[in-house]
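S.K.: Here you go, this is start-v1.cif (mmCIF, C-alpha atoms; chains and numbers go by the auth columns).
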data_run
loop_
_atom_site.group_PDB
_atom_site.id
_atom_site.type_symbol
_atom_site.label_atom_id
_atom_site.label_comp_id
_atom_site.label_asym_id
_atom_site.label_seq_id
_atom_site.Cartn_x
_atom_site.Cartn_y
_atom_site.Cartn_z
_atom_site.B_iso_or_equiv
_atom_site.auth_seq_id
_atom_site.auth_asym_id
ATOM 1 C CA MET A 1 -6.643 24.359 -97.963 0.00 1 A
ATOM 2 C CA PRO A 2 -4.908 22.135 -95.428 0.00 2 A
ATOM 3 C CA VAL A 3 -6.614 21.575 -92.120 0.00 3 A
ATOM 4 C CA SER A 4 -4.935 23.381 -89.256 0.00 4 A
ATOM 5 C CA GLU A 5 -3.501 21.532 -86.291 0.00 5 A
ATOM 6 C CA ALA A 6 -5.851 23.420 -83.989 0.00 6 A
ATOM 7 C CA ILE A 7 -8.891 21.986 -85.758 0.00 7 A
ATOM 8 C CA GLN A 8 -7.358 18.498 -85.662 0.00 8 A
ATOM 9 C CA ARG A 9 -6.763 18.880 -81.910 0.00 9 A
ATOM 10 C CA LEU A 10 -10.347 20.091 -81.503 0.00 10 A
ATOM 11 C CA LEU A 11 -11.573 16.990 -83.321 0.00 11 A
ATOM 12 C CA ASN A 12 -9.465 14.763 -81.059 0.00 12 A
ATOM 13 C CA LEU A 13 -10.773 16.578 -77.980 0.00 13 A
ATOM 14 C CA ARG A 14 -14.386 16.215 -79.159 0.00 14 A
ATOM 15 C CA ALA A 15 -13.828 12.519 -79.833 0.00 15 A
ATOM 16 C CA LEU A 16 -12.415 12.002 -76.327 0.00 16 A
ATOM 17 C CA GLU A 17 -15.300 13.904 -74.728 0.00 17 A
ATOM 18 C CA GLU A 18 -17.780 11.864 -76.756 0.00 18 A
ATOM 19 C CA GLU A 19 -16.090 8.642 -75.654 0.00 19 A
ATOM 20 C CA GLN A 20 -16.234 9.695 -71.977 0.00 20 A
ATOM 21 C CA HIS A 21 -19.919 10.529 -72.257 0.00 21 A
ATOM 22 C CA LYS A 22 -20.569 7.262 -74.044 0.00 22 A
ATOM 23 C CA LEU A 23 -18.855 5.320 -71.258 0.00 23 A
ATOM 24 C CA ALA A 24 -20.834 7.222 -68.616 0.00 24 A
ATOM 25 C CA LEU A 25 -24.052 6.430 -70.492 0.00 25 A
ATOM 26 C CA GLU A 26 -23.149 2.760 -70.807 0.00 26 A
ATOM 27 C CA SER A 27 -22.354 2.646 -67.098 0.00 27 A
ATOM 28 C CA ALA A 28 -25.679 4.250 -66.213 0.00 28 A
ATOM 29 C CA LEU A 29 -27.536 1.851 -68.519 0.00 29 A
ATOM 30 C CA GLY A 30 -25.719 -1.080 -66.910 0.00 30 A
ATOM 31 C CA GLU A 31 -26.735 0.177 -63.454 0.00 31 A
ATOM 32 C CA LEU A 32 -30.300 0.606 -64.736 0.00 32 A
ATOM 33 C CA ARG A 33 -30.353 -3.027 -65.916 0.00 33 A
ATOM 34 C CA ARG A 34 -28.979 -4.208 -62.550 0.00 34 A
ATOM 35 C CA ILE A 35 -31.728 -2.328 -60.708 0.00 35 A
ATOM 36 C CA GLU A 36 -34.360 -3.759 -63.074 0.00 36 A
ATOM 37 C CA ASN A 37 -33.020 -7.267 -62.436 0.00 37 A
ATOM 38 C CA ALA A 38 -32.986 -6.664 -58.660 0.00 38 A
ATOM 39 C CA LEU A 39 -36.567 -5.392 -58.851 0.00 39 A
ATOM 40 C CA HIS A 40 -37.585 -8.497 -60.787 0.00 40 A
ATOM 41 C CA VAL A 41 -35.931 -10.740 -58.178 0.00 41 A
ATOM 42 C CA THR A 42 -37.582 -8.773 -55.359 0.00 42 A
ATOM 43 C CA ARG A 43 -41.026 -9.140 -56.947 0.00 43 A
ATOM 44 C CA MET A 44 -40.393 -12.868 -57.339 0.00 44 A
ATOM 45 C CA ARG A 45 -39.482 -12.965 -53.642 0.00 45 A
ATOM 46 C CA GLU A 46 -42.693 -11.120 -52.785 0.00 46 A
ATOM 47 C CA ARG A 47 -44.712 -13.576 -54.873 0.00 47 A
ATOM 48 C CA SER A 48 -42.927 -16.484 -53.172 0.00 48 A
ATOM 49 C CA GLY A 49 -43.734 -14.961 -49.749 0.00 49 A
ATOM 50 C CA LYS A 50 -47.424 -14.701 -50.689 0.00 50 A
ATOM 51 C CA GLU A 51 -47.444 -18.321 -51.824 0.00 51 A
ATOM 52 C CA HIS A 52 -45.751 -19.323 -48.573 0.00 52 A
ATOM 53 C CA LEU A 53 -48.360 -17.298 -46.620 0.00 53 A
ATOM 54 C CA ALA A 54 -51.222 -18.985 -48.498 0.00 54 A
ATOM 55 C CA ALA A 55 -49.755 -22.420 -47.820 0.00 55 A
ATOM 56 C CA ALA A 56 -49.277 -21.557 -44.124 0.00 56 A
ATOM 57 C CA ALA A 57 -52.893 -20.353 -43.850 0.00 57 A
ATOM 58 C CA GLN A 58 -54.123 -23.785 -44.836 0.00 58 A
ATOM 59 C CA SER A 59 -51.757 -25.561 -42.438 0.00 59 A
ATOM 60 C CA HIS A 60 -52.659 -23.259 -39.502 0.00 60 A
ATOM 61 C CA ASP A 61 -48.983 -22.834 -38.626 0.00 61 A
ATOM 62 C CA PHE A 62 -48.395 -19.391 -37.085 0.00 62 A
ATOM 63 C CA THR A 63 -44.644 -19.317 -37.600 0.00 63 A
ATOM 64 C CA ASP A 64 -45.038 -20.049 -41.317 0.00 64 A
ATOM 65 C CA ARG A 65 -47.681 -17.305 -41.595 0.00 65 A
ATOM 66 C CA ILE A 66 -45.439 -14.793 -39.846 0.00 66 A
ATOM 67 C CA ALA A 67 -42.456 -15.799 -42.012 0.00 67 A
ATOM 68 C CA GLY A 68 -44.605 -15.401 -45.134 0.00 68 A
ATOM 69 C CA LEU A 69 -45.864 -11.977 -43.975 0.00 69 A
ATOM 70 C CA ILE A 70 -42.342 -10.779 -43.153 0.00 70 A
ATOM 71 C CA GLU A 71 -41.079 -12.031 -46.523 0.00 71 A
ATOM 72 C CA CYS A 72 -43.923 -10.240 -48.342 0.00 72 A
ATOM 73 C CA GLU A 73 -43.455 -7.026 -46.382 0.00 73 A
ATOM 74 C CA SER A 74 -39.660 -7.014 -46.787 0.00 74 A
ATOM 75 C CA ALA A 75 -39.903 -7.681 -50.519 0.00 75 A
ATOM 76 C CA HIS A 76 -42.580 -4.980 -50.896 0.00 76 A
ATOM 77 C CA ARG A 77 -40.378 -2.375 -49.144 0.00 77 A
ATOM 78 C CA ASN A 78 -37.347 -3.373 -51.223 0.00 78 A
ATOM 79 C CA ALA A 79 -39.438 -3.175 -54.405 0.00 79 A
ATOM 80 C CA HIS A 80 -40.607 0.318 -53.444 0.00 80 A
ATOM 81 C CA ILE A 81 -37.020 1.467 -52.827 0.00 81 A
ATOM 82 C CA LEU A 82 -35.837 -0.144 -56.073 0.00 82 A
ATOM 83 C CA GLU A 83 -38.671 1.527 -58.024 0.00 83 A
ATOM 84 C CA ILE A 84 -37.559 4.920 -56.699 0.00 84 A
ATOM 85 C CA ARG A 85 -33.926 4.170 -57.593 0.00 85 A
ATOM 86 C CA LEU A 86 -35.044 2.882 -61.004 0.00 86 A
ATOM 87 C CA THR A 87 -36.873 6.150 -61.695 0.00 87 A
ATOM 88 C CA GLU A 88 -33.826 8.186 -60.652 0.00 88 A
ATOM 89 C CA LYS A 89 -31.447 6.068 -62.732 0.00 89 A
ATOM 90 C CA ASP A 90 -33.795 6.238 -65.707 0.00 90 A
ATOM 91 C CA ARG A 91 -33.816 10.042 -65.471 0.00 91 A
ATOM 92 C CA GLU A 92 -30.022 10.081 -65.083 0.00 92 A
ATOM 93 C CA ALA A 93 -29.595 7.769 -68.085 0.00 93 A
ATOM 94 C CA ALA A 94 -31.840 10.028 -70.190 0.00 94 A
ATOM 95 C CA GLU A 95 -29.744 13.064 -69.210 0.00 95 A
ATOM 96 C CA LEU A 96 -26.501 11.218 -69.969 0.00 96 A
ATOM 97 C CA ARG A 97 -27.943 10.105 -73.308 0.00 97 A
ATOM 98 C CA LEU A 98 -28.683 13.749 -74.197 0.00 98 A
ATOM 99 C CA ARG A 99 -25.166 14.807 -73.184 0.00 99 A
ATOM 100 C CA TYR A 100 -23.671 12.003 -75.235 0.00 100 A
ATOM 101 C CA LEU A 101 -25.746 12.944 -78.291 0.00 101 A
ATOM 102 C CA TYR A 102 -24.740 16.592 -77.864 0.00 102 A
ATOM 103 C CA LYS A 103 -21.047 15.660 -77.758 0.00 103 A
ATOM 104 C CA ARG A 104 -21.454 13.377 -80.770 0.00 104 A
ATOM 105 C CA THR A 105 -23.085 16.254 -82.648 0.00 105 A
ATOM 106 C CA GLU A 106 -20.182 18.540 -81.725 0.00 106 A
ATOM 107 C CA ARG A 107 -17.651 15.990 -83.001 0.00 107 A
ATOM 108 C CA ARG A 108 -19.552 15.519 -86.240 0.00 108 A
ATOM 109 C CA GLN A 109 -19.678 19.276 -86.764 0.00 109 A
ATOM 110 C CA VAL A 110 -15.896 19.462 -86.510 0.00 110 A
ATOM 111 C CA GLU A 111 -15.583 16.494 -88.882 0.00 111 A
ATOM 112 C CA THR A 112 -17.840 18.318 -91.341 0.00 112 A
ATOM 113 C CA ILE A 113 -15.665 21.419 -91.138 0.00 113 A
ATOM 114 C CA ILE A 114 -12.562 19.314 -91.767 0.00 114 A
ATOM 115 C CA ARG A 115 -14.166 17.492 -94.706 0.00 115 A
ATOM 116 C CA GLU A 116 -15.264 20.788 -96.252 0.00 116 A
ATOM 117 C CA ALA A 117 -11.799 22.282 -95.793 0.00 117 A
ATOM 118 C CA GLU A 118 -10.224 19.214 -97.402 0.00 118 A
ATOM 119 C CA THR A 119 -12.703 19.384 -100.282 0.00 119 A
ATOM 120 C CA VAL A 120 -11.971 23.074 -100.827 0.00 120 A
ATOM 121 C CA GLY A 121 -8.250 22.313 -100.667 0.00 121 A
ATOM 122 C CA ALA A 122 -8.596 19.536 -103.223 0.00 122 A
ATOM 123 C CA VAL A 123 -10.609 21.741 -105.576 0.00 123 A
ATOM 124 C CA GLU A 124 -8.084 24.556 -105.227 0.00 124 A
ATOM 125 C CA GLY A 125 -5.248 22.088 -105.871 0.00 125 A
ATOM 126 C CA VAL A 126 -6.899 20.865 -109.057 0.00 126 A
ATOM 127 C CA ARG A 127 -7.524 24.468 -110.091 0.00 127 A
ATOM 128 C CA ARG A 128 -3.867 25.391 -109.449 0.00 128 A
ATOM 129 C CA ASP A 129 -2.667 22.355 -111.395 0.00 129 A
ATOM 130 C CA GLN A 130 -4.919 23.266 -114.296 0.00 130 A
ATOM 131 C CA GLN A 131 -3.669 26.868 -114.201 0.00 131 A
ATOM 132 C CA ARG A 132 -0.070 25.632 -114.271 0.00 132 A
ATOM 133 C CA MET A 133 -0.826 23.439 -117.258 0.00 133 A
ATOM 134 C CA ASP A 134 -2.553 26.327 -119.041 0.00 134 A
ATOM 135 C CA ASP A 135 0.391 28.613 -118.305 0.00 135 A
ATOM 136 C CA TRP A 136 2.871 25.994 -119.508 0.00 136 A
ATOM 137 C CA PHE A 137 1.031 25.474 -122.780 0.00 137 A
ATOM 138 C CA SER A 138 0.608 29.232 -123.241 0.00 138 A
ATOM 139 C CA THR A 139 4.320 29.941 -122.709 0.00 139 A
ATOM 140 C CA ARG A 140 5.261 27.031 -124.959 0.00 140 A
ATOM 141 C CA ARG A 141 3.026 28.280 -127.752 0.00 141 A
ATOM 142 C CA HIS A 142 4.293 31.848 -127.307 0.00 142 A
ATOM 143 C CA ALA A 143 7.898 30.655 -127.319 0.00 143 A
ATOM 144 C CA ALA A 144 7.282 28.649 -130.472 0.00 144 A
ATOM 145 C CA LYS A 145 5.904 31.736 -132.249 0.00 145 A
ATOM 146 C CA THR A 146 8.782 34.015 -131.282 0.00 146 A
ATOM 147 C CA HIS A 147 11.587 31.557 -131.987 0.00 147 A
ATOM 148 C CA ARG A 148 10.335 30.140 -135.273 0.00 148 A
ATOM 149 C CA PRO A 149 12.619 31.092 -138.145 0.00 149 A
ATOM 150 C CA VAL A 150 10.852 33.228 -140.651 0.00 150 A
ATOM 151 C CA ALA A 151 11.103 31.714 -144.086 0.00 151 A
ATOM 152 C CA GLU A 152 12.031 34.261 -146.701 0.00 152 A
ATOM 153 C CA LYS A 153 9.726 34.589 -149.558 0.00 153 A
ATOM 154 C CA PRO A 154 11.410 33.497 -152.735 0.00 154 A
ATOM 155 C CA GLU A 155 11.647 36.292 -155.188 0.00 155 A
ATOM 156 C CA MET A 156 9.852 35.836 -158.360 0.00 156 A
ATOM 157 C CA LYS A 157 12.057 36.837 -161.187 0.00 157 A
ATOM 158 C CA SER A 158 11.010 36.819 -164.697 0.00 158 A
ATOM 159 C CA HIS A 159 13.233 35.258 -167.264 0.00 159 A
ATOM 160 C CA LYS A 160 14.096 38.725 -168.457 0.00 160 A
ATOM 161 C CA GLU A 161 15.593 39.682 -165.140 0.00 161 A
ATOM 162 C CA SER A 162 17.665 36.611 -164.845 0.00 162 A
ATOM 163 C CA GLY A 163 20.990 36.484 -166.534 0.00 163 A
ATOM 164 C CA ALA A 164 20.299 33.316 -168.413 0.00 164 A
ATOM 165 C CA VAL A 165 18.399 33.484 -171.650 0.00 165 A
ATOM 166 C CA PRO A 166 15.910 30.792 -172.191 0.00 166 A
ATOM 167 C CA GLU A 167 16.470 28.500 -175.159 0.00 167 A
ATOM 168 C CA GLU A 168 13.304 29.435 -176.850 0.00 168 A
ATOM 169 C CA GLU A 169 14.307 33.037 -177.018 0.00 169 A
ATOM 170 C CA LEU A 170 17.584 32.096 -178.468 0.00 170 A
ATOM 171 C CA ARG A 171 15.999 30.057 -181.196 0.00 171 A
ATOM 172 C CA SER A 172 13.456 32.652 -182.004 0.00 172 A
ATOM 173 C CA LYS A 173 16.104 35.300 -182.512 0.00 173 A
ATOM 174 C CA LEU A 174 18.131 33.236 -184.828 0.00 174 A
#
What do you get writing this file as structure tokens?

M.R.:
Amino acid sequence: MPVSEAIQRLLNLRALEEEQHKLALESALGELRRIENALHVTRMRERSGKEHLAAAAQSHDFTDRIAGLIECESAHRNAHILEIRLTEKDREAAELRLRYLYKRTERRQVETIIREAETVGAVEGVRRDQQRMDDWFSTRRHAAKTHRPVAEKPEMKSHKESGAVPEEELRSKL
């Protein structure tokens, strides 16, 4: 059974939808990695600010202490904001991953339907070919039986029925 054009179009549509969802997922995962990297950099900045604050505490320089405190506080606030964004992006990426998997499942279902239809078509084709061969041989055999010349049975005649007299008879009568 050949696959209809409608099913082929459905497969193409499912493949396009899957590709769009895959791209959206990859984009969200890329954004998630960027936020993770920014959070890492921010925590490094916070650690650097604390080190600067500790060094300024030993030198008794107020401006260095204030700069260290501001650096720590700024990095801490940025880290908090990035953690919130990271949580949101992680949730969004999980949702996009589910959508992508759902679309991939839909595409695979259509592919399965197409494969099964092609398999059924192939089996039916083989069956039809075999039926044609059987019919051809059947008609050939039947034609051979009906068109074969019937050989006539030779008549069995005794020597008495035939016109010729065997030599032995002739000699015996003499």

S.K.: Could you write out as a list in words the residues that the PyMOL selection byres ((chain A and resi 67) around 12) matches in the shown file?

M.R.: Glu46, Ser48, Gly49, Lys50, Glu51, His52, Leu53, Ala54, Ala55, Ala56, Ala57, Asp61, Phe62, Thr63, Asp64, Arg65, Ile66, Gly68, Leu69, Ile70, Glu71, Cys72, Glu73 and Ser74 of chain A

S.K.: Taking the file above as input, evaluate the PyMOL selection byres ((chain A and resi 21) around 12) and report the hits as a PyMOL selection string.

M.R.: chain A and resi 14-20+22-28+93+95-104

S.K.: Between CA of Leu82 (chain A) and CA of Ile35 (chain A), what is the spacing in Å?

M.R.: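 Atom-to-atom, CA of Ile35 (chain A) to CA of Leu82 (chain A), that is 6.6 Å.
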
S.K.: Could you state the separation of CA of Met44 (chain A) and CA of Ala75 (chain A) in Å, given to one decimal place?

M.R.: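 Taking CA of Met44 (chain A) and CA of Ala75 (chain A), their separation equals 8.6 Å.
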
S.K.: Kindly give the distance, in Å, that separates CA of His60 (chain A) and CA of Arg45 (chain A), rounded to a single decimal.

M.R.: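 Interatomic distance here is 21.9 Å.
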
S.K.: Translate the PyMOL selection byres ((chain A and resi 114-128) around 10) into a concrete residue list for this structure, as a list of chain:residue names.

M.R.: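 This file, filtered by the PyMOL selection byres ((chain A and resi 114-128) around 10), leaves A:Met1, A:Pro2, A:Val3, A:Ser4, A:Ile7, A:Gln8, A:Leu11, A:Arg108, A:Gln109, A:Val110, A:Glu111, A:Thr112, A:Ile113, A:Asp129, A:Gln130, A:Gln131, A:Arg132, A:Met133, A:Asp134.
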
S.K.: Centre and edge lengths, as lines of an AutoDock Vina configuration file, for the axis-aligned box enclosing every listed atom of region 102-119 of chain A with 3 Å of padding on each of the six sides, in Å to one decimal?

M.R.:
center_x = -17.5
center_y = 17.8
center_z = -89.0
size_x = 20.5
size_y = 14.9
size_z = 28.5
